[in-house]
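Just my_file_17.cif here, mmCIF, C-alpha atoms:
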```cif
data_entry
#
loop_
_atom_site.label_atom_id
_atom_site.label_comp_id
_atom_site.auth_asym_id
_atom_site.auth_seq_id
_atom_site.Cartn_x
_atom_site.Cartn_y
_atom_site.Cartn_z
CA MET A 1 122.87 -56.24 -51.90
CA LYS A 2 121.83 -55.35 -55.44
CA ILE A 3 124.36 -57.81 -56.83
CA SER A 4 123.07 -60.61 -54.55
CA CYS A 5 119.46 -59.98 -55.48
CA GLY A 6 120.47 -59.84 -59.14
CA ILE A 7 122.24 -63.20 -58.92
CA TRP A 8 119.24 -64.65 -57.06
CA LEU A 9 116.80 -63.48 -59.69
CA VAL A 10 118.99 -64.74 -62.53
CA LEU A 11 119.29 -68.14 -60.83
CA THR A 12 115.53 -68.29 -60.32
CA ALA A 13 114.85 -67.34 -63.93
CA TRP A 14 117.41 -69.87 -65.14
CA LEU A 15 115.80 -72.67 -63.16
CA GLN A 16 112.28 -71.78 -64.26
CA SER A 17 112.93 -70.90 -67.92
CA ALA A 18 111.11 -72.71 -70.68
CA ALA A 19 113.36 -75.45 -71.87
CA LEU A 20 112.70 -76.34 -75.49
CA ASP A 21 111.40 -73.78 -77.91
CA PHE A 22 108.98 -75.12 -80.53
CA PRO A 23 108.23 -72.54 -83.27
CA ALA A 24 104.91 -74.35 -83.83
CA THR A 25 103.06 -76.70 -81.48
CA LEU A 26 100.10 -77.07 -83.84
CA ARG A 27 100.31 -78.48 -87.37
CA GLU A 28 97.24 -78.45 -89.62
CA ILE A 29 97.09 -80.97 -92.43
CA HIS A 30 94.50 -81.18 -95.19
CA ALA A 31 94.55 -84.84 -96.14
CA PRO A 32 92.89 -86.64 -99.06
CA ALA A 33 89.70 -88.64 -98.45
CA ASP A 34 91.51 -91.98 -98.66
CA VAL A 35 94.32 -91.00 -96.27
CA LYS A 36 95.68 -93.89 -94.22
CA THR A 37 98.57 -92.26 -92.39
CA VAL A 38 99.66 -88.71 -91.71
CA THR A 39 103.15 -87.58 -90.74
CA ALA A 40 103.94 -84.27 -89.03
CA ASP A 41 107.32 -82.94 -87.88
CA PHE A 42 107.87 -80.52 -85.00
CA GLU A 43 111.25 -78.81 -84.86
CA PHE A 44 112.65 -77.38 -81.66
CA THR A 45 115.70 -75.66 -80.20
CA ASN A 46 117.03 -75.60 -76.69
CA ARG A 47 117.11 -71.88 -75.89
CA SER A 48 117.23 -72.27 -72.13
CA GLY A 49 120.97 -71.88 -71.56
CA LYS A 50 121.20 -75.25 -69.79
CA PRO A 51 121.09 -78.87 -70.97
CA VAL A 52 117.61 -80.36 -71.35
CA ASP A 53 116.59 -84.00 -71.29
CA ILE A 54 113.45 -85.41 -72.84
CA THR A 55 112.55 -87.90 -70.16
CA LYS A 56 109.32 -89.28 -71.52
CA TYR A 57 106.93 -88.97 -74.43
CA ASP A 58 103.38 -90.18 -74.60
CA PRO A 59 101.49 -90.57 -77.85
CA SER A 60 98.17 -90.94 -75.91
CA CYS A 61 96.81 -93.34 -78.54
CA SER A 62 97.93 -96.64 -80.02
CA CYS A 63 97.37 -95.03 -83.43
CA ILE A 64 100.36 -92.71 -83.03
CA ALA A 65 104.00 -93.59 -83.65
CA MET A 66 106.41 -91.03 -82.26
CA GLN A 67 110.08 -90.65 -82.97
CA ILE A 68 112.69 -88.17 -81.81
CA GLU A 69 115.38 -87.42 -84.41
CA ASN A 70 118.23 -89.94 -84.12
CA GLY A 71 116.80 -91.13 -80.81
CA LYS A 72 118.58 -88.22 -79.13
CA LEU A 73 117.07 -87.26 -75.78
CA HIS A 74 119.77 -84.90 -74.38
CA TYR A 75 120.07 -81.39 -75.82
CA ALA A 76 122.83 -78.93 -74.98
CA PRO A 77 122.05 -75.17 -75.01
CA GLY A 78 121.53 -74.01 -78.60
CA GLU A 79 121.07 -77.53 -79.97
CA SER A 80 118.11 -78.30 -82.23
CA GLY A 81 116.12 -81.43 -82.86
CA MET A 82 112.88 -82.74 -84.31
CA VAL A 83 109.93 -84.79 -83.14
CA ARG A 84 108.31 -86.85 -85.89
CA THR A 85 104.76 -88.07 -85.36
CA ARG A 86 102.98 -90.56 -87.56
CA PHE A 87 99.26 -91.16 -87.24
CA ASP A 88 97.16 -94.05 -88.42
CA MET A 89 93.95 -92.31 -89.49
CA GLY A 90 91.78 -95.43 -89.50
CA ASN A 91 88.15 -94.67 -90.31
CA PHE A 92 88.23 -91.01 -89.39
CA SER A 93 86.76 -88.26 -91.50
CA GLY A 94 86.10 -84.62 -90.75
CA THR A 95 88.45 -82.79 -88.39
CA VAL A 96 90.52 -84.81 -85.96
CA ASP A 97 93.03 -83.55 -83.39
CA LYS A 98 95.83 -85.83 -82.28
CA VAL A 99 97.92 -84.73 -79.32
CA VAL A 100 101.29 -85.98 -78.12
CA ALA A 101 102.96 -84.93 -74.87
CA LEU A 102 106.64 -84.49 -73.99
CA TRP A 103 108.04 -84.51 -70.46
CA LEU A 104 111.28 -82.61 -69.91
CA ASP A 105 113.78 -82.93 -67.06
CA LYS A 106 111.79 -83.11 -63.82
CA ASP A 107 108.28 -82.46 -65.14
CA PRO A 108 105.65 -83.89 -62.77
CA GLU A 109 103.88 -86.98 -64.05
CA ASP A 110 100.66 -85.06 -64.64
CA LYS A 111 102.20 -81.90 -66.11
CA PRO A 112 104.19 -82.45 -69.30
CA SER A 113 105.99 -79.32 -70.50
CA VAL A 114 105.05 -79.71 -74.14
CA ALA A 115 101.84 -80.69 -75.93
CA LEU A 116 102.04 -81.03 -79.70
CA THR A 117 98.85 -81.12 -81.74
CA VAL A 118 98.29 -82.37 -85.26
CA ARG A 119 94.93 -81.27 -86.68
CA VAL A 120 93.94 -83.35 -89.68
CA HIS A 121 91.10 -82.31 -91.99
CA ILE A 122 89.70 -85.23 -93.99
CA PRO A 123 86.94 -84.55 -96.53
CA ILE A 124 83.49 -85.96 -95.78
CA LEU A 125 82.43 -87.69 -98.99
CA VAL A 126 78.94 -88.70 -97.89
CA ALA A 127 77.31 -85.85 -96.00
CA LEU A 128 74.08 -86.29 -94.04
CA GLU A 129 72.00 -83.26 -93.20
CA PRO A 130 70.66 -83.30 -90.57
CA LYS A 131 72.36 -86.12 -88.71
CA THR A 132 69.24 -86.60 -86.59
CA LEU A 133 65.55 -86.16 -87.39
CA LYS A 134 63.52 -85.15 -84.36
CA TRP A 135 59.85 -85.27 -83.43
CA GLU A 136 58.30 -83.93 -80.28
CA LEU A 137 56.49 -86.53 -78.20
CA ASN A 138 52.70 -86.31 -78.88
CA GLY A 139 53.40 -83.71 -81.54
CA LYS A 140 52.72 -83.90 -85.28
CA GLY A 141 54.09 -87.05 -86.85
CA GLU A 142 54.72 -85.50 -90.25
CA PRO A 143 57.38 -86.86 -92.61
CA GLN A 144 60.84 -85.30 -92.42
CA THR A 145 63.66 -85.36 -94.95
CA LEU A 146 67.29 -86.27 -94.47
CA HIS A 147 69.49 -85.02 -97.31
CA ILE A 148 72.35 -87.23 -98.48
CA THR A 149 74.90 -85.38 -100.59
CA MET A 150 78.03 -86.82 -102.19
CA HIS A 151 81.17 -84.67 -102.28
CA TYR A 152 83.35 -86.67 -104.63
CA ASP A 153 84.43 -86.43 -108.25
CA LYS A 154 83.03 -89.90 -108.98
CA PRO A 155 79.38 -90.90 -108.43
CA ILE A 156 78.55 -92.53 -105.08
CA ARG A 157 75.26 -94.41 -105.06
CA VAL A 158 73.20 -95.34 -102.04
CA THR A 159 72.80 -99.11 -102.25
CA ALA A 160 70.72 -99.81 -99.14
CA VAL A 161 69.08 -98.18 -96.15
CA THR A 162 68.20 -100.26 -93.12
CA ALA A 163 66.47 -99.13 -89.93
CA SER A 164 66.98 -100.49 -86.43
CA SER A 165 63.40 -99.87 -85.41
CA ASP A 166 59.91 -100.52 -86.80
CA SER A 167 58.80 -97.26 -85.25
CA PHE A 168 59.71 -95.35 -88.41
CA ARG A 169 58.87 -95.82 -92.08
CA HIS A 170 61.45 -94.65 -94.60
CA GLU A 171 61.69 -94.10 -98.32
CA LEU A 172 64.80 -93.28 -100.34
CA LYS A 173 64.41 -90.88 -103.27
CA PRO A 174 67.27 -90.13 -105.66
CA VAL A 175 67.49 -86.42 -106.49
CA GLU A 176 70.44 -86.92 -108.83
CA GLU A 177 71.69 -90.50 -109.04
CA GLY A 178 75.22 -90.78 -107.63
CA LYS A 179 75.16 -87.20 -106.34
CA SER A 180 72.22 -86.47 -104.11
CA TYR A 181 69.43 -88.36 -102.35
CA GLU A 182 66.59 -87.73 -99.94
CA LEU A 183 65.58 -90.11 -97.18
CA ILE A 184 61.97 -89.45 -96.18
CA VAL A 185 61.26 -90.69 -92.67
CA THR A 186 57.84 -90.90 -91.01
CA PRO A 187 57.16 -91.99 -87.41
CA VAL A 188 54.58 -94.72 -87.00
CA ASP A 189 53.61 -93.78 -83.45
CA ILE A 190 54.36 -90.34 -82.03
CA LYS A 191 53.15 -91.19 -78.51
CA THR A 192 56.10 -93.32 -77.41
CA PRO A 193 59.68 -92.02 -76.99
CA CYS A 194 62.06 -93.97 -79.21
CA LEU A 195 65.23 -93.85 -81.25
CA GLY A 196 65.79 -95.25 -84.71
CA ILE A 197 69.21 -95.80 -86.23
CA PHE A 198 69.44 -95.72 -90.03
CA ARG A 199 72.37 -97.44 -91.68
CA ILE A 200 73.04 -95.94 -95.10
CA GLU A 201 75.19 -98.10 -97.33
CA THR A 202 76.86 -96.77 -100.46
CA ASP A 203 79.14 -98.06 -103.20
CA CYS A 204 81.89 -95.55 -102.33
CA GLN A 205 85.27 -96.90 -103.45
CA ILE A 206 86.92 -95.67 -100.26
CA GLU A 207 85.88 -98.11 -97.60
CA LYS A 208 85.89 -95.80 -94.61
CA HIS A 209 83.26 -93.57 -96.22
CA ARG A 210 81.07 -96.42 -97.42
CA ILE A 211 78.63 -96.78 -94.53
CA GLN A 212 77.05 -93.87 -92.71
CA GLN A 213 74.66 -93.63 -89.80
CA ALA A 214 71.77 -91.30 -89.09
CA PHE A 215 69.23 -91.10 -86.29
CA ALA A 216 65.55 -90.41 -85.80
CA THR A 217 64.13 -89.72 -82.39
CA ILE A 218 60.79 -89.07 -80.74
CA ARG A 219 61.35 -87.38 -77.43
CA ARG A 220 60.35 -84.86 -74.84
CA SER A 221 62.20 -81.58 -74.96
CA SER A 222 65.54 -82.16 -73.23
CA PRO A 223 68.09 -80.03 -71.35
CA GLY A 224 70.24 -79.67 -74.45
CA ASP A 225 67.47 -77.70 -76.13
CA ALA A 226 67.88 -74.98 -73.56
CA VAL A 227 70.89 -72.74 -73.18
CA VAL A 228 73.72 -74.87 -71.81
CA LYS A 229 74.88 -73.66 -68.43
CA PRO A 230 77.38 -75.83 -66.62
CA MET B 1 128.88 -57.94 -46.49
CA LYS B 2 130.20 -59.61 -49.63
CA PRO B 3 127.68 -60.59 -52.31
CA TRP B 4 128.21 -64.34 -51.92
CA ARG B 5 127.56 -64.04 -48.18
CA GLN B 6 124.40 -62.05 -48.82
CA LEU B 7 123.35 -64.71 -51.30
CA ALA B 8 123.95 -67.40 -48.72
CA VAL B 9 121.88 -65.46 -46.16
CA ILE B 10 118.99 -65.13 -48.64
CA ALA B 11 119.21 -68.84 -49.43
CA VAL B 12 119.22 -69.83 -45.75
CA LEU B 13 116.28 -67.51 -44.98
CA SER B 14 114.29 -68.88 -47.93
CA LEU B 15 114.98 -72.45 -46.90
CA ALA B 16 113.96 -71.71 -43.31
CA ALA B 17 110.72 -70.11 -44.52
CA ALA B 18 109.99 -73.10 -46.75
CA LEU B 19 110.64 -75.59 -43.94
CA GLY B 20 108.53 -73.51 -41.53
CA THR B 21 105.63 -73.49 -43.98
CA TYR B 22 105.94 -77.26 -44.46
CA TRP B 23 106.02 -77.80 -40.70
CA LEU B 24 103.03 -75.53 -40.02
CA LYS B 25 100.81 -76.39 -43.01
CA GLY B 26 102.07 -79.85 -43.95
CA PRO B 27 103.06 -81.09 -47.39
CA PRO B 28 101.53 -79.43 -50.46
CA ASN B 29 98.04 -80.59 -51.36
CA ARG B 30 98.43 -82.38 -54.68
CA LEU B 31 94.78 -83.32 -55.02
CA PHE B 32 93.08 -81.91 -58.09
CA ARG B 33 91.30 -78.67 -57.34
CA CYS B 34 88.64 -77.37 -59.70
CA ASP B 35 88.35 -73.61 -59.75
CA PRO B 36 84.85 -72.67 -61.03
CA ALA B 37 86.15 -69.24 -62.05
CA SER B 38 88.54 -70.76 -64.57
CA LEU B 39 86.04 -73.13 -66.22
CA LYS B 40 85.53 -72.96 -69.96
CA PRO B 41 81.89 -72.59 -71.07
CA ASP B 42 81.42 -76.32 -71.67
CA GLU B 43 83.24 -77.53 -68.56
CA VAL B 44 81.93 -78.63 -65.17
CA CYS B 45 83.53 -79.28 -61.80
CA LEU B 46 82.84 -82.67 -60.26
CA ALA B 47 81.70 -80.99 -57.05
CA THR B 48 78.60 -79.72 -58.89
CA ILE B 49 77.60 -83.25 -59.96
CA PRO B 50 76.16 -85.21 -56.99
CA ALA B 51 77.11 -88.89 -56.86
CA GLY B 52 73.56 -90.06 -57.62
CA ALA B 53 72.86 -87.55 -60.38
CA GLU B 54 71.31 -88.87 -63.55
CA VAL B 55 74.30 -88.46 -65.82
CA LEU B 56 75.57 -90.42 -68.79
CA TRP B 57 79.33 -90.63 -68.24
CA VAL B 58 81.42 -91.08 -71.38
CA ASP B 59 85.01 -92.26 -71.00
CA ALA B 60 87.34 -90.94 -73.71
CA ARG B 61 90.37 -92.97 -72.59
CA SER B 62 91.54 -96.27 -74.02
CA ARG B 63 89.37 -99.38 -73.78
CA ALA B 64 91.87 -101.00 -71.40
CA GLU B 65 91.75 -98.01 -69.01
CA TRP B 66 87.97 -97.80 -69.19
CA MET B 67 87.61 -101.48 -68.33
CA LYS B 68 90.15 -101.21 -65.55
CA ASN B 69 88.85 -98.21 -63.66
CA GLY B 70 86.16 -96.27 -65.52
CA VAL B 71 83.06 -94.82 -63.87
CA PRO B 72 80.50 -97.59 -63.21
CA GLY B 73 77.81 -97.43 -65.91
CA SER B 74 79.89 -95.26 -68.20
CA LEU B 75 80.14 -95.73 -71.96
CA LEU B 76 83.34 -95.76 -73.96
CA TRP B 77 84.01 -93.38 -76.85
CA ASN B 78 87.61 -92.75 -77.80
CA GLN B 79 89.49 -92.04 -81.02
CA ASP B 80 91.46 -95.24 -81.23
CA VAL B 81 91.52 -96.39 -84.86
CA THR B 82 90.94 -99.98 -83.84
CA GLU B 83 87.54 -99.05 -82.45
CA ASP B 84 84.23 -98.84 -84.31
CA MET B 85 83.16 -95.18 -84.23
CA GLN B 86 79.65 -95.98 -85.47
CA ALA B 87 79.16 -98.43 -82.63
CA PHE B 88 80.18 -95.66 -80.18
CA GLU B 89 77.71 -93.29 -81.84
CA ALA B 90 74.88 -95.79 -81.68
CA ALA B 91 75.50 -96.75 -78.03
CA VAL B 92 75.62 -93.13 -76.89
CA ALA B 93 72.57 -92.21 -78.98
CA VAL B 94 70.51 -94.99 -77.41
CA ALA B 95 71.59 -93.96 -73.89
CA ILE B 96 70.85 -90.28 -74.51
CA VAL B 97 67.16 -91.07 -75.06
CA THR B 98 66.81 -91.85 -71.35
CA THR B 99 69.73 -89.81 -69.99
CA PRO B 100 70.15 -86.56 -71.90
CA ARG B 101 72.76 -85.13 -69.51
CA VAL B 102 76.18 -86.22 -70.79
CA ILE B 103 79.60 -85.61 -69.21
CA VAL B 104 82.78 -86.67 -70.98
CA TYR B 105 86.06 -87.31 -69.18
CA CYS B 106 89.54 -88.38 -70.19
CA GLY B 107 92.74 -88.86 -68.20
CA ASP B 108 93.33 -85.56 -66.43
CA GLU B 109 93.17 -81.83 -66.97
CA ASN B 110 95.90 -81.98 -69.63
CA CYS B 111 93.95 -84.35 -71.84
CA GLY B 112 92.12 -82.59 -74.68
CA LEU B 113 90.42 -85.68 -76.00
CA SER B 114 87.24 -85.29 -73.96
CA ARG B 115 86.47 -82.00 -75.68
CA GLN B 116 86.79 -83.64 -79.11
CA ILE B 117 84.46 -86.43 -78.08
CA ALA B 118 82.01 -83.92 -76.60
CA THR B 119 82.00 -82.11 -79.96
CA ARG B 120 81.22 -85.38 -81.73
CA ILE B 121 78.36 -86.14 -79.34
CA ARG B 122 76.90 -82.66 -79.85
CA ALA B 123 77.17 -83.21 -83.61
CA LEU B 124 74.72 -86.09 -83.26
CA ASP B 125 72.18 -83.37 -82.54
CA LEU B 126 70.13 -85.51 -80.18
CA GLY B 127 69.29 -82.63 -77.87
CA ALA B 128 71.67 -83.75 -75.12
CA GLN B 129 73.38 -81.36 -72.77
CA VAL B 130 77.04 -82.29 -73.19
CA SER B 131 79.82 -81.12 -70.87
CA VAL B 132 83.48 -81.89 -70.28
CA LEU B 133 84.67 -82.80 -66.78
CA ARG B 134 87.51 -80.55 -65.59
CA GLY B 135 90.19 -82.76 -64.09
CA GLY B 136 88.91 -85.84 -65.91
CA TRP B 137 89.40 -89.32 -64.50
CA ARG B 138 91.88 -88.00 -61.96
CA ALA B 139 89.16 -85.90 -60.28
CA LEU B 140 86.71 -88.82 -60.36
CA ASN B 141 89.26 -91.20 -58.90
CA GLU B 142 90.23 -88.84 -56.10
CA ALA B 143 86.53 -88.52 -55.28
CA GLY B 144 86.18 -92.31 -55.13
CA ARG B 145 83.74 -92.43 -58.04
CA THR B 146 85.60 -94.84 -60.31
CA ARG B 147 85.44 -98.59 -60.58
CA THR B 148 87.75 -100.47 -58.24
CA THR B 149 87.22 -103.89 -59.80
CA PRO B 150 88.08 -104.21 -63.48
CA VAL B 151 85.36 -105.30 -65.90
CA LYS B 152 86.04 -108.74 -67.36
#
```

Could you rewrite the structure in this file as structure tokens?
Amino acid sequence: MKISCGIWLVLTAWLQSAALDFPATLREIHAPADVKTVTADFEFTNRSGKPVDITKYDPSCSCIAMQIENGKLHYAPGESGMVRTRFDMGNFSGTVDKVVALWLDKDPEDKPSVALTVRVHIPILVALEPKTLKWELNGKGEPQTLHITMHYDKPIRVTAVTASSDSFRHELKPVEEGKSYELIVTPVDIKTPCLGIFRIETDCQIEKHRIQQAFATIRRSSPGDAVVKP
Amino acid sequence: MKPWRQLAVIAVLSLAAALGTYWLKGPPNRLFRCDPASLKPDEVCLATIPAGAEVLWVDARSRAEWMKNGVPGSLLWNQDVTEDMQAFEAAVAVAIVTTPRVIVYCGDENCGLSRQIATRIRALDLGAQVSVLRGGWRALNEAGRTRTTPVK
């Protein structure tokens, strides 16, 4: 009986065992500010003791090109391979996660066995602090300051600031030309809820960092101001 | 009894038990089930959001999917490089003024994109309460809360 149970357990374990072993499923990349594409490789080995087929892979975004080494989709026990992912970074800056999924053997459609993540850190050259200026409805309509700071080895100048709404007045003040600016914003009427969108244009050589966006809002206190409880 | 016979007996008994369960209880329920106990701090189950609730739904899937079967009235915000991120920001910011309760969804429970978009919406600092829907579009679709006619 012990032998039978032993065989049963071994069979069960064999059928359920993890198929491909990826030493790392997360790759972090610190990219330059002008990055256009990022490539990350994920190596793997079949340690399951049985052949494994990669039946499907889904890049989840049109910006991802995915390639399996030599187009090989069948891996015998002990065999190794590599998944190469290439990402078009478009206009992204800051931290971006890109995930690709792999389906093995008979994985259900909604449960891929493997999720590979590439985390790309792209410097923010034009930093806005805060992103949003806020006034309480019927409160004090005093001026507030939005700080614009350049994080680049060459000067970046603010060339224009335009507002979407007449409900706010704004004035741009250089603190250090090409390095740091202040945008002073004052609400015209504090008795009406509204949102203003400020478009901040710069002469940054890298196009994707050239135009930034900030907000100003007059509002009642909202649920997000309280502790978030789902 | 020889081991292989014992093994055969175990296999037959297991099969009989499986068939009996199928016969008594029917096929396995493959509908998405949201377990409140396993929710992450920023997640919500669809069952806690009534159909008429004042919620700004944000779809983190592709534009084609959103147009085909997104939640009626939802806004799109994904990370496709062909899209204009500042336009997404502006559209969501304008909507938050009147609807400060925001729930982001993507394809299903395996999709991590909705959390990234939720983080970006929180970073706007507009005072919105931003959550991620556990189960994503799959849960919404199974509850009959998605669009059945594509947007043209």

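In this structure, CA of Tyr75 in chain A sits 22.7 Å away from CA of Val99 in chain A.
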
Hey, what comes out of the PyMOL selection byres ((chain B) within 8 of (chain A)) on this file? Could you write it as a ChimeraX atom specification? /B:3-4,6-7,41-44,62,79-82,85-86,90,93-94,97,100-101,108,110,112,116,123-131

Any chance you could resolve the PyMOL selection byres ((chain A and resi 204) around 10) against this file and give the residues as a PyMOL selection string? chain A and resi 125-126+150+152+154-159+178+201-203+205-211

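Interatomic distance, CA of Leu104 in chain A to CA of Trp137 in chain B: 23.5 Å.
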
The PyMOL selection byres ((chain B and resi 32) around 10) resolved against shown file, as an mmCIF file with C-alpha atoms, in the coordinates of the input:
```cif
data_model
loop_
_atom_site.group_PDB
_atom_site.id
_atom_site.type_symbol
_atom_site.label_atom_id
_atom_site.label_comp_id
_atom_site.auth_asym_id
_atom_site.auth_seq_id
_atom_site.Cartn_x
_atom_site.Cartn_y
_atom_site.Cartn_z
ATOM 1 C CA ASN B 29 98.040 -80.590 -51.360
ATOM 2 C CA ARG B 30 98.430 -82.380 -54.680
ATOM 3 C CA LEU B 31 94.780 -83.320 -55.020
ATOM 4 C CA ARG B 33 91.300 -78.670 -57.340
ATOM 5 C CA CYS B 34 88.640 -77.370 -59.700
ATOM 6 C CA ASP B 35 88.350 -73.610 -59.750
ATOM 7 C CA ASP B 108 93.330 -85.560 -66.430
ATOM 8 C CA GLU B 109 93.170 -81.830 -66.970
ATOM 9 C CA ARG B 134 87.510 -80.550 -65.590
ATOM 10 C CA GLY B 135 90.190 -82.760 -64.090
ATOM 11 C CA GLY B 136 88.910 -85.840 -65.910
ATOM 12 C CA ARG B 138 91.880 -88.000 -61.960
ATOM 13 C CA ALA B 139 89.160 -85.900 -60.280
ATOM 14 C CA LEU B 140 86.710 -88.820 -60.360
ATOM 15 C CA GLU B 142 90.230 -88.840 -56.100
ATOM 16 C CA ALA B 143 86.530 -88.520 -55.280
#
```

Computed gap from CA of Gly141 in chain A to CA of Glu171 in chain A is 15.5 Å

Surrounding residues of Gly70 in chain B excluding itself and chain neighbours under 6 positions, 10 Å, all atoms listed in the file, as a list in words: Trp57, Val58, Asp59, Ala60, Arg61, Arg63, Ala64, Leu76, Tyr105, Cys106, Trp137, Leu140, Asn141, Arg145, Thr146, Arg147, Thr148, Thr149, Pro150 and Val151 of chain B

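Proximity to Thr162 in chain A was assessed for A:Ile184, A:Ala24, A:Val35, A:Ile200 counting all atoms listed in the file; the smallest distance is recorded for A:Ile200.
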